[in-house]
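For reference, entry-v3.cif is printed below; it contains mmCIF, N, CA and C atoms.
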data_start
loop_
_atom_site.group_PDB
_atom_site.id
_atom_site.type_symbol
_atom_site.label_atom_id
_atom_site.label_comp_id
_atom_site.auth_asym_id
_atom_site.auth_seq_id
_atom_site.Cartn_x
_atom_site.Cartn_y
_atom_site.Cartn_z
ATOM 1 N N MET A 1 11.395 3.191 11.171
ATOM 2 C CA MET A 1 9.995 3.191 10.783
ATOM 3 C C MET A 1 9.289 4.290 11.571
ATOM 4 N N ILE A 2 8.579 5.156 10.833
ATOM 5 C CA ILE A 2 7.865 6.265 11.459
ATOM 6 C C ILE A 2 6.380 6.135 11.157
ATOM 7 N N ASN A 3 5.575 6.061 12.192
ATOM 8 C CA ASN A 3 4.126 5.985 12.033
ATOM 9 C C ASN A 3 3.574 7.402 12.053
ATOM 10 N N ASP A 4 3.229 7.923 10.889
ATOM 11 C CA ASP A 4 2.784 9.292 10.796
ATOM 12 C C ASP A 4 1.596 9.385 9.848
ATOM 13 N N SER A 5 0.806 10.429 9.985
ATOM 14 C CA SER A 5 -0.298 10.669 9.058
ATOM 15 C C SER A 5 0.255 11.378 7.818
ATOM 16 N N PHE A 6 -0.501 11.339 6.706
ATOM 17 C CA PHE A 6 -0.068 11.989 5.469
ATOM 18 C C PHE A 6 -1.271 12.240 4.571
ATOM 19 N N LEU A 7 -1.076 13.052 3.540
ATOM 20 C CA LEU A 7 -2.097 13.268 2.513
ATOM 21 C C LEU A 7 -1.805 12.336 1.355
ATOM 22 N N CYS A 8 -2.814 11.599 0.908
ATOM 23 C CA CYS A 8 -2.648 10.667 -0.201
ATOM 24 C C CYS A 8 -2.467 11.452 -1.504
ATOM 25 N N GLU A 9 -1.435 11.135 -2.260
ATOM 26 C CA GLU A 9 -1.180 11.804 -3.530
ATOM 27 C C GLU A 9 -2.120 11.324 -4.631
ATOM 28 N N ASN A 10 -2.830 10.225 -4.408
ATOM 29 C CA ASN A 10 -3.766 9.730 -5.411
ATOM 30 C C ASN A 10 -5.168 10.303 -5.204
ATOM 31 N N CYS A 11 -5.744 10.128 -4.007
ATOM 32 C CA CYS A 11 -7.130 10.555 -3.772
ATOM 33 C C CYS A 11 -7.243 11.859 -3.001
ATOM 34 N N GLY A 12 -6.144 12.334 -2.399
ATOM 35 C CA GLY A 12 -6.139 13.604 -1.683
ATOM 36 C C GLY A 12 -6.681 13.563 -0.268
ATOM 37 N N LYS A 13 -7.079 12.388 0.222
ATOM 38 C CA LYS A 13 -7.622 12.297 1.575
ATOM 39 C C LYS A 13 -6.510 12.266 2.616
ATOM 40 N N LYS A 14 -6.835 12.750 3.810
ATOM 41 C CA LYS A 14 -5.892 12.681 4.924
ATOM 42 C C LYS A 14 -5.909 11.254 5.470
ATOM 43 N N VAL A 15 -4.736 10.675 5.575
ATOM 44 C CA VAL A 15 -4.583 9.301 6.028
ATOM 45 C C VAL A 15 -4.011 9.320 7.439
ATOM 46 N N SER A 16 -4.719 8.674 8.355
ATOM 47 C CA SER A 16 -4.311 8.646 9.758
ATOM 48 C C SER A 16 -3.171 7.659 9.996
ATOM 49 N N LYS A 17 -2.565 7.774 11.169
ATOM 50 C CA LYS A 17 -1.513 6.846 11.573
ATOM 51 C C LYS A 17 -2.056 5.419 11.614
ATOM 52 N N HIS A 18 -1.162 4.444 11.477
ATOM 53 C CA HIS A 18 -1.524 3.032 11.595
ATOM 54 C C HIS A 18 -2.060 2.804 13.005
ATOM 55 N N PRO A 19 -3.189 2.092 13.149
ATOM 56 C CA PRO A 19 -3.825 1.958 14.463
ATOM 57 C C PRO A 19 -3.141 1.006 15.438
ATOM 58 N N LEU A 20 -2.209 0.195 14.974
ATOM 59 C CA LEU A 20 -1.626 -0.805 15.872
ATOM 60 C C LEU A 20 -0.109 -0.694 15.970
ATOM 61 N N TRP A 21 0.574 -1.744 15.670
ATOM 62 C CA TRP A 21 1.986 -1.941 15.946
ATOM 63 C C TRP A 21 2.933 -1.476 14.851
ATOM 64 N N SER A 22 2.444 -1.034 13.745
ATOM 65 C CA SER A 22 3.278 -0.793 12.575
ATOM 66 C C SER A 22 3.219 0.675 12.157
ATOM 67 N N ALA A 23 3.675 0.958 10.961
ATOM 68 C CA ALA A 23 3.563 2.281 10.361
ATOM 69 C C ALA A 23 2.831 2.129 9.026
ATOM 70 N N ARG A 24 2.016 3.093 8.709
ATOM 71 C CA ARG A 24 1.223 3.012 7.483
ATOM 72 C C ARG A 24 2.082 3.376 6.274
ATOM 73 N N ASN A 25 1.967 2.572 5.213
ATOM 74 C CA ASN A 25 2.711 2.873 3.989
ATOM 75 C C ASN A 25 1.808 2.976 2.759
ATOM 76 N N HIS A 26 0.506 3.013 2.966
ATOM 77 C CA HIS A 26 -0.429 3.204 1.863
ATOM 78 C C HIS A 26 -1.717 3.826 2.395
ATOM 79 N N CYS A 27 -2.489 4.381 1.474
ATOM 80 C CA CYS A 27 -3.748 5.041 1.823
ATOM 81 C C CYS A 27 -4.791 4.004 2.222
ATOM 82 N N LEU A 28 -5.467 4.227 3.332
ATOM 83 C CA LEU A 28 -6.481 3.268 3.766
ATOM 84 C C LEU A 28 -7.754 3.366 2.938
ATOM 85 N N TYR A 29 -7.942 4.434 2.161
ATOM 86 C CA TYR A 29 -9.153 4.621 1.355
ATOM 87 C C TYR A 29 -8.997 4.052 -0.063
ATOM 88 N N CYS A 30 -7.995 4.514 -0.796
ATOM 89 C CA CYS A 30 -7.818 4.057 -2.185
ATOM 90 C C CYS A 30 -6.734 2.987 -2.307
ATOM 91 N N LEU A 31 -5.979 2.739 -1.226
ATOM 92 C CA LEU A 31 -4.939 1.722 -1.109
ATOM 93 C C LEU A 31 -3.690 2.004 -1.937
ATOM 94 N N TYR A 32 -3.565 3.208 -2.503
ATOM 95 C CA TYR A 32 -2.349 3.568 -3.234
ATOM 96 C C TYR A 32 -1.207 3.819 -2.260
ATOM 97 N N SER A 33 0.004 3.620 -2.746
ATOM 98 C CA SER A 33 1.205 3.851 -1.969
ATOM 99 C C SER A 33 2.141 4.740 -2.791
ATOM 100 N N LYS A 34 3.322 4.999 -2.271
ATOM 101 C CA LYS A 34 4.332 5.764 -2.987
ATOM 102 C C LYS A 34 5.614 4.950 -3.008
ATOM 103 N N HIS A 35 6.289 4.920 -4.136
ATOM 104 C CA HIS A 35 7.513 4.136 -4.289
ATOM 105 C C HIS A 35 8.669 4.820 -3.570
ATOM 106 N N LEU A 36 8.905 4.406 -2.321
ATOM 107 C CA LEU A 36 9.968 4.958 -1.500
ATOM 108 C C LEU A 36 11.066 3.938 -1.196
ATOM 109 N N ASP A 37 10.722 2.659 -1.162
ATOM 110 C CA ASP A 37 11.671 1.609 -0.778
ATOM 111 C C ASP A 37 12.250 0.918 -2.008
ATOM 112 N N GLU A 38 13.506 0.522 -1.900
ATOM 113 C CA GLU A 38 14.181 -0.126 -3.028
ATOM 114 C C GLU A 38 14.411 -1.618 -2.793
ATOM 115 N N GLU A 39 15.186 -1.959 -1.771
ATOM 116 C CA GLU A 39 15.567 -3.346 -1.532
ATOM 117 C C GLU A 39 14.622 -4.089 -0.578
ATOM 118 N N TYR A 40 14.182 -3.410 0.477
ATOM 119 C CA TYR A 40 13.344 -4.044 1.492
ATOM 120 C C TYR A 40 12.457 -2.973 2.130
ATOM 121 N N PRO A 41 11.367 -3.388 2.806
ATOM 122 C CA PRO A 41 10.452 -2.414 3.419
ATOM 123 C C PRO A 41 11.168 -1.472 4.381
ATOM 124 N N TRP A 42 10.854 -0.211 4.253
ATOM 125 C CA TRP A 42 11.321 0.866 5.114
ATOM 126 C C TRP A 42 12.780 1.257 4.896
ATOM 127 N N ASP A 43 13.435 0.800 3.802
ATOM 128 C CA ASP A 43 14.811 1.253 3.570
ATOM 129 C C ASP A 43 14.859 2.683 3.018
ATOM 130 N N ARG A 44 13.767 3.148 2.397
ATOM 131 C CA ARG A 44 13.627 4.522 1.873
ATOM 132 C C ARG A 44 14.774 4.904 0.937
ATOM 133 N N LYS A 45 15.222 3.931 0.102
ATOM 134 C CA LYS A 45 16.351 4.169 -0.790
ATOM 135 C C LYS A 45 15.961 4.322 -2.257
ATOM 136 N N SER A 46 14.686 4.300 -2.571
ATOM 137 C CA SER A 46 14.275 4.470 -3.963
ATOM 138 C C SER A 46 14.351 5.939 -4.363
ATOM 139 N N ASP A 47 14.757 6.187 -5.591
ATOM 140 C CA ASP A 47 14.740 7.551 -6.112
ATOM 141 C C ASP A 47 13.638 7.717 -7.155
ATOM 142 N N CYS A 48 12.715 6.761 -7.216
ATOM 143 C CA CYS A 48 11.622 6.781 -8.193
ATOM 144 C C CYS A 48 10.494 7.724 -7.767
ATOM 145 N N PHE A 49 9.931 7.513 -6.593
ATOM 146 C CA PHE A 49 8.845 8.302 -6.012
ATOM 147 C C PHE A 49 7.545 8.267 -6.819
ATOM 148 N N GLY A 50 7.372 7.241 -7.659
ATOM 149 C CA GLY A 50 6.128 7.103 -8.414
ATOM 150 C C GLY A 50 4.991 6.618 -7.533
ATOM 151 N N LEU A 51 3.756 6.769 -8.027
ATOM 152 C CA LEU A 51 2.603 6.227 -7.310
ATOM 153 C C LEU A 51 2.543 4.725 -7.515
ATOM 154 N N MET A 52 2.257 4.018 -6.421
ATOM 155 C CA MET A 52 2.144 2.557 -6.445
ATOM 156 C C MET A 52 0.665 2.195 -6.449
ATOM 157 N N GLU A 53 0.213 1.612 -7.553
ATOM 158 C CA GLU A 53 -1.191 1.253 -7.716
ATOM 159 C C GLU A 53 -1.455 -0.131 -7.128
ATOM 160 N N PRO A 54 -2.522 -0.290 -6.330
ATOM 161 C CA PRO A 54 -2.864 -1.635 -5.847
ATOM 162 C C PRO A 54 -3.407 -2.453 -7.027
ATOM 163 N N ILE A 55 -2.815 -3.622 -7.261
ATOM 164 C CA ILE A 55 -3.222 -4.412 -8.424
ATOM 165 C C ILE A 55 -3.772 -5.789 -8.068
ATOM 166 N N TRP A 56 -3.484 -6.267 -6.859
ATOM 167 C CA TRP A 56 -3.922 -7.622 -6.508
ATOM 168 C C TRP A 56 -3.826 -7.815 -5.010
ATOM 169 N N ILE A 57 -4.454 -8.883 -4.528
ATOM 170 C CA ILE A 57 -4.384 -9.265 -3.120
ATOM 171 C C ILE A 57 -3.749 -10.644 -3.039
ATOM 172 N N ASP A 58 -2.728 -10.774 -2.220
ATOM 173 C CA ASP A 58 -2.081 -12.059 -1.972
ATOM 174 C C ASP A 58 -2.344 -12.448 -0.526
ATOM 175 N N TYR A 59 -2.157 -13.733 -0.234
ATOM 176 C CA TYR A 59 -2.253 -14.192 1.144
ATOM 177 C C TYR A 59 -0.991 -14.984 1.468
ATOM 178 N N LYS A 60 -0.296 -14.584 2.519
ATOM 179 C CA LYS A 60 0.901 -15.275 3.001
ATOM 180 C C LYS A 60 0.575 -15.813 4.392
ATOM 181 N N LYS A 61 0.753 -17.120 4.609
ATOM 182 C CA LYS A 61 0.321 -17.703 5.881
ATOM 183 C C LYS A 61 1.027 -17.105 7.092
ATOM 184 N N ASN A 62 2.228 -16.574 6.930
ATOM 185 C CA ASN A 62 2.931 -15.978 8.073
ATOM 186 C C ASN A 62 2.685 -14.467 8.217
ATOM 187 N N LYS A 63 2.057 -13.822 7.199
ATOM 188 C CA LYS A 63 1.828 -12.376 7.258
ATOM 189 C C LYS A 63 0.369 -11.983 7.057
ATOM 190 N N GLY A 64 -0.450 -12.891 6.564
ATOM 191 C CA GLY A 64 -1.857 -12.574 6.308
ATOM 192 C C GLY A 64 -2.047 -11.970 4.925
ATOM 193 N N TYR A 65 -3.074 -11.146 4.786
ATOM 194 C CA TYR A 65 -3.371 -10.539 3.487
ATOM 195 C C TYR A 65 -2.372 -9.444 3.163
ATOM 196 N N MET A 66 -1.948 -9.439 1.907
ATOM 197 C CA MET A 66 -0.959 -8.480 1.415
ATOM 198 C C MET A 66 -1.503 -7.821 0.142
ATOM 199 N N LEU A 67 -1.269 -6.531 0.021
ATOM 200 C CA LEU A 67 -1.620 -5.813 -1.203
ATOM 201 C C LEU A 67 -0.415 -5.837 -2.136
ATOM 202 N N ARG A 68 -0.667 -6.216 -3.366
ATOM 203 C CA ARG A 68 0.391 -6.156 -4.369
ATOM 204 C C ARG A 68 0.268 -4.803 -5.071
ATOM 205 N N HIS A 69 1.330 -4.008 -4.994
ATOM 206 C CA HIS A 69 1.369 -2.693 -5.630
ATOM 207 C C HIS A 69 2.348 -2.715 -6.799
ATOM 208 N N ARG A 70 1.993 -2.011 -7.883
ATOM 209 C CA ARG A 70 2.906 -1.831 -9.007
ATOM 210 C C ARG A 70 3.116 -0.332 -9.226
ATOM 211 N N CYS A 71 4.370 0.050 -9.350
ATOM 212 C CA CYS A 71 4.700 1.457 -9.559
ATOM 213 C C CYS A 71 4.273 1.875 -10.969
ATOM 214 N N ARG A 72 3.533 2.967 -11.046
ATOM 215 C CA ARG A 72 3.088 3.489 -12.342
ATOM 216 C C ARG A 72 4.230 4.112 -13.141
ATOM 217 N N LYS A 73 5.345 4.411 -12.473
ATOM 218 C CA LYS A 73 6.468 5.066 -13.142
ATOM 219 C C LYS A 73 7.504 4.051 -13.641
ATOM 220 N N CYS A 74 7.899 3.094 -12.786
ATOM 221 C CA CYS A 74 8.973 2.155 -13.157
ATOM 222 C C CYS A 74 8.526 0.692 -13.219
ATOM 223 N N ASN A 75 7.274 0.394 -12.851
ATOM 224 C CA ASN A 75 6.680 -0.954 -12.888
ATOM 225 C C ASN A 75 7.180 -1.924 -11.819
ATOM 226 N N LYS A 76 7.955 -1.465 -10.846
ATOM 227 C CA LYS A 76 8.382 -2.355 -9.754
ATOM 228 C C LYS A 76 7.157 -2.816 -8.977
ATOM 229 N N VAL A 77 7.147 -4.086 -8.578
ATOM 230 C CA VAL A 77 6.048 -4.661 -7.806
ATOM 231 C C VAL A 77 6.521 -4.907 -6.378
ATOM 232 N N ILE A 78 5.708 -4.474 -5.411
ATOM 233 C CA ILE A 78 6.031 -4.592 -3.990
ATOM 234 C C ILE A 78 4.795 -5.073 -3.235
ATOM 235 N N LEU A 79 4.983 -5.952 -2.255
ATOM 236 C CA LEU A 79 3.897 -6.400 -1.389
ATOM 237 C C LEU A 79 3.878 -5.572 -0.113
ATOM 238 N N ASN A 80 2.669 -5.199 0.328
ATOM 239 C CA ASN A 80 2.479 -4.459 1.577
ATOM 240 C C ASN A 80 1.377 -5.128 2.379
ATOM 241 N N LYS A 81 1.617 -5.288 3.665
ATOM 242 C CA LYS A 81 0.620 -5.908 4.542
ATOM 243 C C LYS A 81 -0.619 -5.022 4.666
ATOM 244 N N VAL A 82 -1.787 -5.646 4.642
ATOM 245 C CA VAL A 82 -3.057 -4.943 4.807
ATOM 246 C C VAL A 82 -3.167 -4.474 6.257
ATOM 247 N N ALA A 83 -3.550 -3.218 6.440
ATOM 248 C CA ALA A 83 -3.771 -2.672 7.779
ATOM 249 C C ALA A 83 -5.209 -2.980 8.212
ATOM 250 N N PRO A 84 -5.479 -3.047 9.514
ATOM 251 C CA PRO A 84 -6.815 -3.419 9.989
ATOM 252 C C PRO A 84 -7.926 -2.465 9.565
ATOM 253 N N ASP A 85 -7.607 -1.218 9.277
ATOM 254 C CA ASP A 85 -8.651 -0.267 8.887
ATOM 255 C C ASP A 85 -8.654 0.061 7.391
ATOM 256 N N ASP A 86 -7.917 -0.708 6.581
ATOM 257 C CA ASP A 86 -7.924 -0.510 5.128
ATOM 258 C C ASP A 86 -9.299 -0.810 4.536
ATOM 259 N N ASP A 87 -9.640 -0.124 3.448
ATOM 260 C CA ASP A 87 -10.874 -0.403 2.707
ATOM 261 C C ASP A 87 -10.611 -1.588 1.776
ATOM 262 N N PHE A 88 -10.170 -2.664 2.384
ATOM 263 C CA PHE A 88 -9.696 -3.869 1.715
ATOM 264 C C PHE A 88 -10.828 -4.657 1.059
ATOM 265 N N LEU A 89 -11.968 -4.774 1.719
ATOM 266 C CA LEU A 89 -13.073 -5.563 1.174
ATOM 267 C C LEU A 89 -13.640 -4.935 -0.091
ATOM 268 N N ASP A 90 -13.735 -3.620 -0.133
ATOM 269 C CA ASP A 90 -14.216 -2.944 -1.331
ATOM 270 C C ASP A 90 -13.268 -3.201 -2.499
ATOM 271 N N PHE A 91 -11.962 -3.164 -2.246
ATOM 272 C CA PHE A 91 -10.975 -3.426 -3.286
ATOM 273 C C PHE A 91 -11.086 -4.869 -3.786
ATOM 274 N N SER A 92 -11.271 -5.830 -2.883
ATOM 275 C CA SER A 92 -11.377 -7.237 -3.296
ATOM 276 C C SER A 92 -12.626 -7.454 -4.154
ATOM 277 N N LYS A 93 -13.708 -6.723 -3.880
ATOM 278 C CA LYS A 93 -14.911 -6.821 -4.722
ATOM 279 C C LYS A 93 -14.619 -6.319 -6.128
ATOM 280 N N LYS A 94 -13.863 -5.221 -6.244
ATOM 281 C CA LYS A 94 -13.510 -4.675 -7.555
ATOM 282 C C LYS A 94 -12.663 -5.662 -8.344
ATOM 283 N N ILE A 95 -11.715 -6.306 -7.671
ATOM 284 C CA ILE A 95 -10.856 -7.296 -8.342
ATOM 285 C C ILE A 95 -11.712 -8.448 -8.858
ATOM 286 N N ASN A 96 -12.613 -8.971 -8.022
ATOM 287 C CA ASN A 96 -13.443 -10.103 -8.412
ATOM 288 C C ASN A 96 -14.360 -9.770 -9.585
ATOM 289 N N ARG A 97 -14.828 -8.532 -9.665
ATOM 290 C CA ARG A 97 -15.671 -8.121 -10.795
ATOM 291 C C ARG A 97 -14.883 -8.095 -12.099
ATOM 292 N N ASN A 98 -13.575 -7.863 -12.009
ATOM 293 C CA ASN A 98 -12.750 -7.760 -13.208
ATOM 294 C C ASN A 98 -12.190 -9.113 -13.658
ATOM 295 N N LEU A 99 -12.435 -10.172 -12.922
ATOM 296 C CA LEU A 99 -11.920 -11.501 -13.320
ATOM 297 C C LEU A 99 -12.739 -12.097 -14.430
#
Would you encode the structure as structure tokens?
Amino acid sequence: MINDSFLCENCGKKVSKHPLWSARNHCLYCLYSKHLDEEYPWDRKSDCFGLMEPIWIDYKKNKGYMLRHRCRKCNKVILNKVAPDDDFLDFSKKINRNL
């Protein structure tokens, strides 16, 4: 696992390193990710490389809030833990408006 900054392929903003104990795997602004993992988090074995769109918010009692991402290229769904500086509340408002 490498905690590094990157440019978001969806919104184009520079995304900083994860502020705590983990590594960032999605944009903190638009919450998009990239399909890099195949079997489990951080295996980096996917050959898809599609953009992962945030589609829902789940809550797991042992992990907290999780973003559900769906790949726009192959439709695989993956859960990613919400980072402390994610624009998570704005996304949850958008979801609630669409219900």
Any chance you could resolve the PyMOL selection byres (((chain A and resi 19-36 and name CA) around 7) and name CA) against this file and give the residues as a ChimeraX atom specification?
-> /A:1-3,8,10-11,15,17-18,37-38,44-46,48-54,71,85-87
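Computed from the coordinates, the CA of Lys94 (chain A) to CA of Ile57 (chain A) distance equals 11.1 Å.
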Give the strand (DSSP E or B) residues of chain A, as DSSP finds them on the backbone, and put them as a ChimeraX atom specification.
-> /A:6-7,14-15,26,33-34,51-60,64-71,77-81
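Across the structure, atom N of Lys81 (chain A) and atom N of Glu39 (chain A) are spaced 15.0 Å apart.
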